$ cat coords20.cif   # mmCIF, C-alpha atoms
data_run
#
loop_
_atom_site.label_atom_id
_atom_site.label_comp_id
_atom_site.auth_asym_id
_atom_site.auth_seq_id
_atom_site.Cartn_x
_atom_site.Cartn_y
_atom_site.Cartn_z
CA MET A 185 18.55 -25.13 -49.04
CA SER A 186 20.84 -23.92 -51.81
CA GLY A 187 24.54 -23.43 -51.19
CA TYR A 188 26.04 -23.62 -47.71
CA ARG A 189 25.63 -21.90 -44.36
CA LEU A 190 28.13 -20.96 -41.63
CA VAL A 191 27.43 -22.14 -38.11
CA THR A 192 29.02 -22.08 -34.70
CA TYR A 193 28.42 -25.50 -33.20
CA CYS A 194 29.35 -27.97 -30.50
CA HIS A 195 29.52 -31.73 -30.93
CA GLY A 196 29.52 -33.81 -27.80
CA SER A 197 31.73 -32.23 -25.15
CA GLY A 198 33.86 -30.38 -27.69
CA ALA A 199 34.45 -26.63 -27.67
CA PRO A 200 32.43 -24.41 -30.01
CA GLY A 201 33.87 -24.15 -33.49
CA ALA A 202 33.06 -22.85 -36.95
CA GLY A 203 31.20 -25.21 -39.21
CA ILE A 204 30.04 -25.34 -42.81
CA LEU A 205 26.50 -26.62 -43.18
CA VAL A 206 25.81 -28.43 -46.46
CA ASP A 207 22.63 -30.46 -47.04
CA GLN A 208 21.88 -30.94 -43.32
CA THR A 209 25.46 -32.03 -42.54
CA VAL A 210 27.94 -29.93 -40.59
CA PHE A 211 31.61 -30.04 -41.58
CA ALA A 212 34.40 -28.53 -39.51
CA ALA A 213 35.73 -25.32 -41.09
CA ALA A 214 39.15 -26.46 -39.89
CA ASP A 215 39.07 -29.05 -42.71
CA LEU A 216 39.64 -26.19 -45.15
CA PHE A 217 41.37 -23.53 -43.06
CA GLY A 218 43.38 -25.45 -40.47
CA GLY A 219 43.64 -24.53 -36.81
CA ALA A 220 40.42 -23.81 -34.96
CA PRO A 221 38.85 -20.82 -36.71
CA SER A 222 35.71 -19.09 -35.46
CA VAL A 223 33.09 -17.70 -37.79
CA LEU A 224 34.31 -14.25 -36.79
CA ASP A 225 37.81 -15.28 -37.93
CA LEU A 226 36.45 -16.41 -41.29
CA LEU A 227 34.66 -13.10 -41.78
CA GLN A 228 37.89 -11.10 -41.45
CA THR A 229 38.94 -12.21 -44.95
CA TRP A 230 35.50 -12.90 -46.36
CA ASP A 231 36.36 -12.73 -50.06
CA ARG A 232 39.10 -15.34 -49.58
CA THR A 233 36.89 -17.40 -47.26
CA ARG A 234 34.11 -17.60 -49.86
CA ALA A 235 36.56 -18.75 -52.52
CA VAL A 236 38.16 -21.40 -50.28
CA ILE A 237 34.78 -22.83 -49.22
CA ALA A 238 33.42 -22.92 -52.77
CA GLU A 239 36.55 -24.68 -54.03
CA GLY A 240 36.62 -27.04 -51.04
CA ILE A 241 33.03 -28.15 -51.57
CA SER A 242 33.54 -28.54 -55.32
CA ALA A 243 36.76 -30.56 -54.88
CA GLY A 244 35.36 -32.76 -52.11
CA LYS A 245 37.85 -31.55 -49.52
CA LEU A 246 35.39 -31.59 -46.62
CA LYS A 247 35.95 -34.62 -44.41
CA ALA A 248 33.31 -36.76 -42.71
CA GLY A 249 30.66 -34.45 -41.31
CA THR A 250 28.11 -34.68 -38.53
CA PRO A 251 24.33 -34.64 -39.07
CA LEU A 252 22.81 -31.31 -38.11
CA THR A 253 20.49 -33.12 -35.70
CA GLU A 254 23.50 -34.31 -33.67
CA VAL A 255 25.12 -30.93 -33.00
CA THR A 256 24.23 -27.98 -30.77
CA LEU A 257 24.05 -24.66 -32.56
CA GLU A 258 25.27 -21.51 -30.84
CA ALA A 259 25.09 -17.89 -31.95
CA PRO A 260 26.74 -17.86 -35.40
CA VAL A 261 29.02 -14.85 -34.81
CA GLN A 262 30.83 -14.93 -31.46
CA TYR A 263 31.03 -12.01 -30.98
CA PRO A 264 30.75 -8.92 -33.19
CA ALA A 265 32.64 -5.82 -32.22
CA ASN A 266 29.54 -3.77 -32.93
CA PHE A 267 25.83 -4.56 -32.89
CA PHE A 268 23.64 -1.80 -34.34
CA CYS A 269 19.84 -1.90 -34.17
CA ALA A 270 17.49 0.17 -36.31
CA GLY A 271 14.47 1.66 -34.59
CA ALA A 272 11.02 2.39 -36.06
CA ASN A 273 12.01 1.06 -39.47
CA TYR A 274 8.90 -0.78 -40.71
CA TRP A 275 5.89 1.04 -42.11
CA ASP A 276 3.40 -1.43 -40.64
CA HIS A 277 5.06 -1.16 -37.21
CA LEU A 278 4.96 2.64 -37.41
CA GLU A 279 1.26 2.44 -38.18
CA GLU A 280 0.47 0.24 -35.17
CA MET A 281 2.54 2.46 -32.87
CA ALA A 282 0.85 5.58 -34.28
CA GLU A 283 -2.53 4.06 -33.41
CA LEU A 284 -1.30 3.44 -29.86
CA VAL A 285 -0.14 7.04 -29.55
CA LYS A 286 -3.50 8.23 -30.90
CA GLN A 287 -5.35 6.21 -28.26
CA MET A 288 -3.17 7.70 -25.52
CA THR A 289 -3.05 11.32 -26.67
CA GLY A 290 -5.94 11.72 -29.08
CA LYS A 291 -3.56 12.84 -31.80
CA ALA A 292 -2.01 10.67 -34.52
CA PRO A 293 1.69 11.35 -35.24
CA SER A 294 3.06 11.91 -38.74
CA LEU A 295 4.24 8.82 -40.63
CA GLU A 296 6.51 10.52 -43.13
CA LYS A 297 9.85 8.94 -43.96
CA ALA A 298 12.67 10.51 -41.95
CA PRO A 299 15.68 11.75 -43.95
CA GLU A 300 17.95 9.19 -42.25
CA PRO A 301 17.51 5.93 -40.32
CA TRP A 302 17.77 5.90 -36.52
CA PHE A 303 19.88 3.45 -34.50
CA PHE A 304 20.78 2.36 -31.00
CA VAL A 305 23.60 0.02 -29.96
CA LYS A 306 23.07 -3.29 -28.22
CA THR A 307 25.74 -5.15 -26.25
CA THR A 308 27.20 -8.38 -27.67
CA ARG A 309 28.85 -10.99 -25.43
CA GLY A 310 26.26 -12.34 -23.00
CA THR A 311 23.46 -10.50 -24.76
CA ILE A 312 23.76 -12.56 -27.95
CA VAL A 313 22.65 -16.19 -27.59
CA GLY A 314 21.93 -18.90 -30.12
CA GLU A 315 19.32 -21.28 -31.47
CA GLY A 316 17.42 -23.18 -28.80
CA SER A 317 18.51 -20.91 -25.96
CA ALA A 318 16.47 -20.66 -22.77
CA VAL A 319 16.41 -16.93 -22.03
CA ALA A 320 15.92 -15.98 -18.39
CA ILE A 321 13.40 -13.17 -18.04
CA PRO A 322 15.15 -10.48 -15.96
CA SER A 323 13.64 -9.85 -12.55
CA PHE A 324 13.50 -6.13 -13.30
CA THR A 325 10.91 -6.40 -16.09
CA GLN A 326 7.30 -7.50 -16.21
CA LYS A 327 6.83 -6.50 -19.86
CA LEU A 328 9.29 -8.44 -22.00
CA ASP A 329 8.41 -8.08 -25.68
CA TRP A 330 9.48 -9.83 -28.89
CA GLU A 331 10.83 -8.23 -32.08
CA ALA A 332 11.61 -10.37 -35.14
CA GLU A 333 14.37 -8.77 -37.22
CA LEU A 334 16.58 -9.42 -40.21
CA GLY A 335 20.23 -9.27 -39.20
CA VAL A 336 22.88 -8.09 -41.68
CA VAL A 337 26.47 -9.30 -41.18
CA ILE A 338 29.26 -7.10 -42.53
CA GLY A 339 31.98 -8.83 -44.56
CA ARG A 340 34.62 -6.18 -45.14
CA LYS A 341 35.98 -3.02 -43.52
CA THR A 342 33.67 -0.27 -44.73
CA HIS A 343 33.73 3.50 -44.37
CA ASP A 344 31.60 6.13 -46.11
CA ILE A 345 30.21 3.72 -48.70
CA SER A 346 27.51 4.82 -51.13
CA GLU A 347 24.03 3.33 -51.14
CA ALA A 348 24.71 1.99 -54.63
CA ASP A 349 27.70 -0.04 -53.36
CA ALA A 350 26.49 -0.77 -49.83
CA LEU A 351 25.33 -4.35 -50.35
CA SER A 352 28.84 -5.27 -51.53
CA ALA A 353 29.90 -4.94 -47.88
CA VAL A 354 27.49 -7.67 -46.74
CA ALA A 355 28.79 -11.17 -45.96
CA GLY A 356 25.37 -12.59 -45.18
CA TYR A 357 22.17 -12.58 -43.18
CA LEU A 358 20.69 -14.16 -40.06
CA ILE A 359 17.63 -13.92 -37.79
CA VAL A 360 17.51 -11.78 -34.64
CA ASP A 361 14.96 -11.46 -31.83
CA ASP A 362 15.53 -8.02 -30.30
CA LEU A 363 13.96 -8.73 -26.91
CA SER A 364 12.85 -5.52 -25.24
CA ALA A 365 11.83 -4.63 -21.67
CA ARG A 366 8.98 -2.23 -22.41
CA ASP A 367 8.55 -1.12 -18.79
CA LEU A 368 12.12 0.22 -18.81
CA VAL A 369 11.84 2.43 -21.88
CA ARG A 370 11.73 5.62 -19.83
CA ARG A 371 13.62 6.44 -16.65
CA GLU A 372 11.75 9.08 -14.74
CA GLY A 373 13.89 11.64 -12.92
CA SER A 374 16.70 11.41 -15.48
CA PRO A 375 17.37 14.31 -17.86
CA PHE A 376 18.11 11.70 -20.56
CA ILE A 377 14.59 10.18 -20.28
CA TYR A 378 15.17 7.00 -22.34
CA ASP A 379 17.01 4.03 -20.82
CA TRP A 380 18.55 2.09 -23.70
CA ILE A 381 20.64 -0.19 -21.49
CA GLY A 382 17.70 -1.08 -19.26
CA GLN A 383 15.24 -1.88 -22.01
CA LYS A 384 17.55 -3.48 -24.57
CA CYS A 385 20.70 -4.88 -22.92
CA PHE A 386 20.57 -7.86 -20.58
CA ASP A 387 21.78 -11.46 -20.67
CA GLY A 388 20.03 -13.29 -23.50
CA ALA A 389 18.44 -10.14 -24.94
CA ALA A 390 19.38 -11.04 -28.52
CA PRO A 391 18.71 -14.63 -29.62
CA MET A 392 20.36 -14.95 -33.02
CA GLY A 393 20.81 -17.56 -35.72
CA PRO A 394 20.28 -20.29 -36.51
CA TRP A 395 23.17 -19.80 -38.94
CA LEU A 396 24.72 -17.22 -41.23
CA THR A 397 23.38 -17.43 -44.78
CA PRO A 398 25.91 -15.97 -47.26
CA ALA A 399 24.51 -13.09 -49.30
CA GLU A 400 24.98 -14.97 -52.58
CA PHE A 401 22.30 -17.46 -51.48
CA VAL A 402 19.67 -14.83 -50.66
CA SER A 403 17.58 -13.80 -53.66
CA ASN A 404 16.42 -10.37 -52.45
CA PRO A 405 17.04 -9.35 -48.82
CA ASP A 406 14.70 -6.38 -49.25
CA ASP A 407 11.74 -8.68 -49.95
CA LEU A 408 11.79 -11.66 -47.56
CA ALA A 409 8.69 -12.98 -45.82
CA MET A 410 9.04 -13.08 -42.03
CA THR A 411 6.86 -14.44 -39.24
CA LEU A 412 7.01 -14.73 -35.47
CA LYS A 413 4.91 -17.09 -33.35
CA VAL A 414 4.63 -17.42 -29.59
CA ASN A 415 3.57 -20.91 -28.51
CA GLY A 416 2.44 -21.55 -32.08
CA VAL A 417 0.21 -18.47 -32.22
CA GLY A 418 1.03 -15.99 -34.97
CA LYS A 419 2.09 -12.53 -33.80
CA GLN A 420 4.16 -10.97 -36.60
CA ASP A 421 3.55 -11.68 -40.29
CA SER A 422 5.21 -9.26 -42.67
CA SER A 423 8.06 -8.80 -45.13
CA THR A 424 11.37 -6.97 -45.22
CA GLY A 425 9.75 -5.07 -48.08
CA GLN A 426 8.02 -3.04 -45.35
CA MET A 427 11.30 -1.40 -44.32
CA VAL A 428 11.26 2.39 -44.24
CA HIS A 429 15.00 2.64 -44.89
CA SER A 430 16.47 -0.17 -46.99
CA ILE A 431 19.46 -2.28 -46.01
CA ALA A 432 21.66 -0.24 -48.35
CA GLU A 433 20.46 3.03 -46.81
CA GLN A 434 21.21 1.73 -43.33
CA ILE A 435 24.73 0.57 -44.20
CA ALA A 436 25.53 3.84 -46.00
CA TYR A 437 24.27 5.90 -43.07
CA LEU A 438 26.21 3.96 -40.43
CA SER A 439 29.40 3.97 -42.50
CA ARG A 440 29.30 7.76 -42.74
CA HIS A 441 29.53 7.94 -38.95
CA VAL A 442 31.69 4.95 -38.00
CA THR A 443 33.86 2.41 -39.77
CA LEU A 444 32.09 -0.93 -40.05
CA TYR A 445 34.19 -4.03 -39.49
CA PRO A 446 33.87 -7.67 -40.59
CA GLY A 447 31.46 -9.43 -38.26
CA ASP A 448 29.56 -6.29 -37.26
CA ILE A 449 25.82 -6.94 -37.20
CA ILE A 450 22.95 -4.61 -38.08
CA ALA A 451 19.46 -5.57 -36.90
CA THR A 452 17.28 -3.78 -39.41
CA GLY A 453 14.04 -3.17 -37.48
CA THR A 454 10.86 -5.08 -36.67
CA PRO A 455 7.45 -5.18 -38.35
CA ALA A 456 3.99 -4.86 -36.85
CA GLY A 457 2.76 -7.39 -34.32
CA VAL A 458 4.88 -6.71 -31.24
CA GLY A 459 3.21 -7.28 -27.89
CA MET A 460 3.17 -3.77 -26.46
CA PRO A 461 0.13 -2.34 -28.34
CA LYS A 462 -2.00 -5.27 -27.08
CA ASN A 463 -0.38 -5.37 -23.65
CA GLU A 464 0.82 -8.93 -24.35
CA PHE A 465 4.22 -9.93 -23.01
CA LEU A 466 6.42 -12.98 -22.71
CA LYS A 467 6.25 -15.25 -19.66
CA PRO A 468 8.17 -18.28 -18.39
CA GLY A 469 7.49 -21.35 -20.51
CA ASP A 470 6.80 -19.43 -23.71
CA VAL A 471 8.46 -20.58 -26.93
CA VAL A 472 9.25 -18.04 -29.66
CA ARG A 473 9.69 -19.17 -33.25
CA ILE A 474 10.87 -16.76 -35.96
CA GLU A 475 11.07 -17.71 -39.62
CA ILE A 476 12.52 -15.58 -42.41
CA ALA A 477 12.35 -16.90 -45.95
CA GLU A 478 15.65 -18.39 -47.17
CA LEU A 479 17.28 -17.91 -43.75
CA GLY A 480 15.71 -20.74 -41.75
CA THR A 481 13.99 -20.73 -38.37
CA LEU A 482 15.20 -19.40 -35.01
CA THR A 483 13.58 -20.85 -31.88
CA HIS A 484 14.14 -19.94 -28.25
CA SER A 485 12.28 -20.31 -24.98
CA LEU A 486 11.73 -18.16 -21.89
CA VAL A 487 12.36 -19.20 -18.30
CA ALA A 488 11.96 -17.41 -15.00
CA GLY A 489 14.91 -15.30 -13.96
CA SER A 490 16.50 -15.59 -10.55
#

$ encode --input "coords20.cif" --output "structure tokens"
Amino acid sequence: MSGYRLVTYCHGSGAPGAGILVDQTVFAAADLFGGAPSVLDLLQTWDRTRAVIAEGISAGKLKAGTPLTEVTLEAPVQYPANFFCAGANYWDHLEEMAELVKQMTGKAPSLEKAPEPWFFVKTTRGTIVGEGSAVAIPSFTQKLDWEAELGVVIGRKTHDISEADALSAVAGYLIVDDLSARDLVRREGSPFIYDWIGQKCFDGAAPMGPWLTPAEFVSNPDDLAMTLKVNGVGKQDSSTGQMVHSIAEQIAYLSRHVTLYPGDIIATGTPAGVGMPKNEFLKPGDVVRIEIAELGTLTHSLVAGS
């Protein structure tokens, strides 16, 4: 692991706080910033934060740390004001979904690149959970699916930015599992047809982490290998290079419509290998493990809901 990572962690019975992970040791961010800052606080002045951390590490200002194995990691950013999720944004995922549509209708849909990316919004507090979480499967779904995604964390207030400059707005990256209730995609009898709250927003619907990797320590976010396994069995095996709309395109598009704020998160879509085309879904006792190159590994489990 090169450089440092930002974490939200608990040690013993202490309250969650921002930490700086260096070589498998977690140091309290308060050592450098005073008070009890959260990661979200640190993101508000990201350019200054980066400089203070770099100087603090170089000058040996971090006090005695705690081994990573002795802390509990929580969701790194608690909690973003906005959580945007890209839909249908991987070519290999579009191909597997097109095959499913062909089987159902006898006609294959077009796979041309749309002029602009497409997004929905997912809730944050309660929905976002961290590394090692036990997610309760909601009683209202029998078809809970996995979706490994690269998460982009915004590091400065951004409005109407160009694609050429878009990556300058990024503080860092993390891993997201966009859990989805496939049997709640459509709501019959409603003129709006699609139920985005029902299928995408419930407690624990967005495991996220294990930490925030600053952008300067990611070689090429548009070409990172990513895998997802359920109980050790490979399900998704792809690369962010399969994105239809790049990270820069997504940021530029969103910023034309709304102002992006420090801490906002963009989940950039999922590749092929989700459960729905094979009618495979998560059940109590399952363990999901997502790995994205240079970003670490996110693991969570599933338990029965009440």

$ closest_residue --input "coords20.cif" --among "A:Pro461, A:Pro200, A:Pro391, A:Gly218" --to "Val319 (chain A)" --atoms "all atoms listed in the file"
A:Pro391

$ residues_near_point --input "coords20.cif" --point "(15.0, 5.5, -33.0)" --cutoff "7 Å" --atoms "only C-alpha atoms" --output "JSON, numbers by chain"
{"A": [270, 271, 272, 302, 303, 304]}

$ axis_aligned_box --input "coords20.cif" --around "region 344-362 of chain A" --padding-each-side "8 Å" --output "JSON"
{"center_x": 23.3, "center_y": -4.0, "center_z": -42.5, "size_x": 32.6, "size_y": 36.3, "size_z": 40.3}

$ closest_residue --input "coords20.cif" --among "A:Asn463, A:Pro394, A:Ala451, A:Ala355" --to "Gln228 (chain A)" --atoms "all atoms listed in the file"
A:Ala355

$ closest_residue --input "coords20.cif" --among "A:Ala320, A:Val402, A:Val223, A:Ile338" --to "Gly469 (chain A)" --atoms "all atoms listed in the file"
A:Ala320

$ atom_distance --input "coords20.cif" --atom1 "CA of Ile435 (chain A)" --atom2 "CA of Ala389 (chain A)"
22.9 Å

$ build_atoms --input "coords20.cif" --residues "region 290-301 of chain A" --atoms "N, CA and C atoms" --output "compact mmCIF listing (two decimals), in the coordinates of the input"
# COMPACT_ATOMS: atom_id res chain seq x y z
N GLY A 290 -4.89 11.16 -28.25
CA GLY A 290 -5.94 11.72 -29.08
C GLY A 290 -5.44 12.34 -30.36
N LYS A 291 -4.14 12.24 -30.61
CA LYS A 291 -3.56 12.84 -31.80
C LYS A 291 -2.63 11.84 -32.48
N ALA A 292 -2.83 11.61 -33.77
CA ALA A 292 -2.01 10.67 -34.52
C ALA A 292 -0.73 11.36 -35.00
N PRO A 293 0.44 10.74 -34.79
CA PRO A 293 1.69 11.35 -35.24
C PRO A 293 1.87 11.20 -36.75
N SER A 294 2.76 11.99 -37.32
CA SER A 294 3.06 11.91 -38.74
C SER A 294 3.82 10.63 -39.04
N LEU A 295 3.55 10.04 -40.22
CA LEU A 295 4.24 8.82 -40.63
C LEU A 295 5.11 9.05 -41.86
N GLU A 296 5.62 10.23 -42.00
CA GLU A 296 6.51 10.52 -43.13
C GLU A 296 7.88 9.87 -42.92
N LYS A 297 8.53 9.54 -44.03
CA LYS A 297 9.85 8.94 -43.96
C LYS A 297 10.88 9.97 -43.50
N ALA A 298 11.62 9.62 -42.45
CA ALA A 298 12.67 10.51 -41.95
C ALA A 298 13.82 10.56 -42.96
N PRO A 299 14.58 11.65 -42.99
CA PRO A 299 15.68 11.75 -43.95
C PRO A 299 16.72 10.66 -43.77
N GLU A 300 16.93 10.20 -42.53
CA GLU A 300 17.95 9.19 -42.25
C GLU A 300 17.41 8.17 -41.27
N PRO A 301 17.93 6.94 -41.30
CA PRO A 301 17.51 5.93 -40.32
C PRO A 301 18.01 6.29 -38.93
